[in-house]
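Presented below is the structure to which this report refers.
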Amino acid sequence: SRKTTVTRISILRQKFPSLTPYRIQMLENLSWLVADKAIQILNAFIVTALVARYLGPAKLGLLAYAGSLLAIASSFVTLGFDAVIVREFVTHPCERATYFWTTSITRLCIGVFLYFVMGTCLLTGAITSSSASESAVILVCFIPIVFSSVDTARLLFQAEVRQKWVVWISNLLTIVTAVSMVALVVSGASVVAFAAVNASSATLISLSLLVLAKKQKLLPMFSSFNIDVFLKLSREC
């Protein structure tokens, strides 16, 4: 609560007079990021090892291959705008709506286009797959690229130095995903089911942050696409 936060800041300022409220907030933000990485590493050691043992080299390699394609495509969706957008959110709060929605609309268009390209490549054989199951895994893993526009809400929390909300949601869904993975291993599910769980986790994190941003009144009012803003971001990224 706000009262608890104010009390904690007062105690820290008494012990460390040189710490300003903003620096304390930055330290808290950093601690949440460290906690997030610790949970991710723990999840990688336990759950990923269990899934790898169950799927075997071939199916696990297919998931890794699909994940690599998604990572490459994601770099085209973000266009390297993130750091610039956060800076603009902080320095020009009155223009936040224009920057937010221009970025979101751009990412949505690119994401849908790339998903269409991936589907076309699989159908034409430009990207080879030995079976329909492999093609399904790649397409399912690629679903988050369509919802990448929603992930712009994450930048709102970064600009407001409220990273703890991102960590809470990310870790909660990481735990849910881990439990789901274990359940799939126990039930003997196919590799497509594992791809669906991975895709659902990434998509739900983005959607949850969007809903939370709206609830905390961080989400700006809708604004139409602004070509000048897009060109400015393109020059500075």
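Order determines the names: the first chain of the structure tokens is A, the second B, and so forth; residues in each chain are numbered 1 upward, and ligands are numbered 1 upward as they are shown.
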Return as JSON lines the residues of region 104-207 of chain A lying at most 8 Å from region 86-92 of chain A, together with the closest atom-to-atom pair for each and the distance in Å to one decimal, counting only C-alpha atoms, with rows in chain order and ascending residue number.
{"residue": "A:Leu155", "atom": "CA", "partner": "A:Val86", "partner_atom": "CA", "distance": 5.9}
{"residue": "A:Leu156", "atom": "CA", "partner": "A:Val86", "partner_atom": "CA", "distance": 7.2}
{"residue": "A:Gln158", "atom": "CA", "partner": "A:Val86", "partner_atom": "CA", "distance": 6.9}
{"residue": "A:Ala159", "atom": "CA", "partner": "A:Val86", "partner_atom": "CA", "distance": 5.3}
{"residue": "A:Glu160", "atom": "CA", "partner": "A:Val90", "partner_atom": "CA", "distance": 7.8}
message: So that I can check the surroundings of region 130-137 of chain A, please list as a ChimeraX atom specification every protein, DNA and RNA residue that reaches within 12 Å of it, counting only C-alpha atoms and ignoring chain neighbours fewer than 4 positions away.
response: /A:58-67,69-70,118-126,141-143,190-199
message: Residues of region 78-167 of chain A classed as helix (DSSP H, G or I) by DSSP on the backbone are to be reported as an MDAnalysis selection string.
response: chainID A and resid 78 82:91 93:124 132:141 143:145 148:159 163:167
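Remark: for Trp101 (chain A), the closest of the candidate residues A:Ile145, A:Val176, A:Ala153, A:Ile127 is A:Ala153 (distances computed over only C-alpha atoms).
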message: as a PyMOL selection string, please: the residues near Val211 (chain A) (cut-off 12 Å, only C-alpha atoms, same-chain neighbours under 6 positions excluded).
response: chain A and resi 150-154+165-166+169+204-205+217-219
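Each of A:Leu139, A:Ala44, A:Leu173, A:Val146 was compared to Ile110 (chain A) using only C-alpha atoms, and A:Val146 turns out to be the nearest.
Closest approach to Gln163 (chain A) among A:Val182, A:Thr177, A:Pro93, A:Leu209: A:Leu209, based on only C-alpha atoms.
Across the structure, CA of Thr203 (chain A) and CA of Pro144 (chain A) are spaced 5.4 Å apart.
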field: Long-range neighbours of Val51 (chain A) as a PyMOL selection string, 8 Å cut-off, only C-alpha atoms, 4 positions minimum in chain
entry: chain A and resi 47+55+181-182+185
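Of note, CA of Lys214 (chain A) and CA of Ser149 (chain A) are spaced 15.2 Å apart.
Distances here use only C-alpha atoms; by that measure, the residue among A:Tyr115, A:Trp168, A:Tyr99, A:Phe222 closest to Ile85 (chain A) is A:Tyr99.
Here the question is which of A:Val161, A:Leu172, A:Ala73, A:Val84 gets nearest to Val229 (chain A) using only C-alpha atoms, and that residue is A:Val84.
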field: Point-to-point distance in Å for CA of Asn226 (chain A) and CA of Thr102 (chain A)
entry: 5.9 Å
Exercise: Gln40 (chain A) partners within 10 Å, only C-alpha atoms, chain neighbours under 5 positions left out, as a PyMOL selection string: chain A and resi 34-35+45+170-171+174-175
Go ahead and write the residues just picked, all heavy atoms, as a PDB file, in the first residue's frame.
ATOM      1  N   VAL A  34      16.020  -8.638 -10.287  1.00  0.00           N
ATOM      2  CA  VAL A  34      16.910  -9.723  -9.858  1.00  0.00           C
ATOM      3  C   VAL A  34      16.098 -10.936  -9.416  1.00  0.00           C
ATOM      4  O   VAL A  34      16.432 -12.086  -9.746  1.00  0.00           O
ATOM      5  CB  VAL A  34      17.835  -9.243  -8.717  1.00  0.00           C
ATOM      6  CG1 VAL A  34      18.628 -10.420  -8.137  1.00  0.00           C
ATOM      7  CG2 VAL A  34      18.785  -8.160  -9.217  1.00  0.00           C
ATOM      8  N   ALA A  35      15.016 -10.688  -8.672  1.00  0.00           N
ATOM      9  CA  ALA A  35      14.149 -11.794  -8.232  1.00  0.00           C
ATOM     10  C   ALA A  35      13.526 -12.512  -9.419  1.00  0.00           C
ATOM     11  O   ALA A  35      13.404 -13.746  -9.436  1.00  0.00           O
ATOM     12  CB  ALA A  35      13.057 -11.252  -7.312  1.00  0.00           C
ATOM     13  N   PHE A  45      16.202 -24.794 -14.677  1.00  0.00           N
ATOM     14  CA  PHE A  45      16.918 -25.960 -14.178  1.00  0.00           C
ATOM     15  C   PHE A  45      15.981 -27.142 -13.918  1.00  0.00           C
ATOM     16  O   PHE A  45      16.309 -28.290 -14.234  1.00  0.00           O
ATOM     17  CB  PHE A  45      17.658 -25.617 -12.873  1.00  0.00           C
ATOM     18  CG  PHE A  45      19.050 -25.128 -13.101  1.00  0.00           C
ATOM     19  CD1 PHE A  45      19.371 -23.796 -12.896  1.00  0.00           C
ATOM     20  CD2 PHE A  45      20.048 -25.981 -13.541  1.00  0.00           C
ATOM     21  CE1 PHE A  45      20.654 -23.326 -13.123  1.00  0.00           C
ATOM     22  CE2 PHE A  45      21.334 -25.523 -13.767  1.00  0.00           C
ATOM     23  CZ  PHE A  45      21.644 -24.192 -13.551  1.00  0.00           C
ATOM     24  N   SER A 170       4.737 -11.862 -14.595  1.00  0.00           N
ATOM     25  CA  SER A 170       5.620 -12.791 -15.291  1.00  0.00           C
ATOM     26  C   SER A 170       5.883 -14.035 -14.457  1.00  0.00           C
ATOM     27  O   SER A 170       5.818 -15.168 -14.967  1.00  0.00           O
ATOM     28  CB  SER A 170       6.943 -12.093 -15.628  1.00  0.00           C
ATOM     29  OG  SER A 170       7.837 -12.990 -16.240  1.00  0.00           O
ATOM     30  N   ASN A 171       6.168 -13.843 -13.174  1.00  0.00           N
ATOM     31  CA  ASN A 171       6.463 -14.986 -12.307  1.00  0.00           C
ATOM     32  C   ASN A 171       5.227 -15.839 -12.037  1.00  0.00           C
ATOM     33  O   ASN A 171       5.310 -17.073 -11.960  1.00  0.00           O
ATOM     34  CB  ASN A 171       7.055 -14.507 -10.981  1.00  0.00           C
ATOM     35  CG  ASN A 171       8.475 -14.013 -11.144  1.00  0.00           C
ATOM     36  OD1 ASN A 171       9.157 -14.354 -12.107  1.00  0.00           O
ATOM     37  ND2 ASN A 171       8.937 -13.200 -10.221  1.00  0.00           N
ATOM     38  N   THR A 174       4.754 -17.811 -15.046  1.00  0.00           N
ATOM     39  CA  THR A 174       5.844 -18.791 -15.135  1.00  0.00           C
ATOM     40  C   THR A 174       5.529 -20.011 -14.285  1.00  0.00           C
ATOM     41  O   THR A 174       5.739 -21.162 -14.713  1.00  0.00           O
ATOM     42  CB  THR A 174       7.174 -18.166 -14.674  1.00  0.00           C
ATOM     43  OG1 THR A 174       7.545 -17.126 -15.572  1.00  0.00           O
ATOM     44  CG2 THR A 174       8.282 -19.211 -14.654  1.00  0.00           C
ATOM     45  N   ILE A 175       4.985 -19.774 -13.097  1.00  0.00           N
ATOM     46  CA  ILE A 175       4.605 -20.880 -12.220  1.00  0.00           C
ATOM     47  C   ILE A 175       3.464 -21.691 -12.821  1.00  0.00           C
ATOM     48  O   ILE A 175       3.479 -22.926 -12.819  1.00  0.00           O
ATOM     49  CB  ILE A 175       4.214 -20.341 -10.824  1.00  0.00           C
ATOM     50  CG1 ILE A 175       5.429 -19.728 -10.130  1.00  0.00           C
ATOM     51  CG2 ILE A 175       3.620 -21.454  -9.966  1.00  0.00           C
ATOM     52  CD1 ILE A 175       5.110 -18.988  -8.859  1.00  0.00           C
TER      53      ILE A 175
END
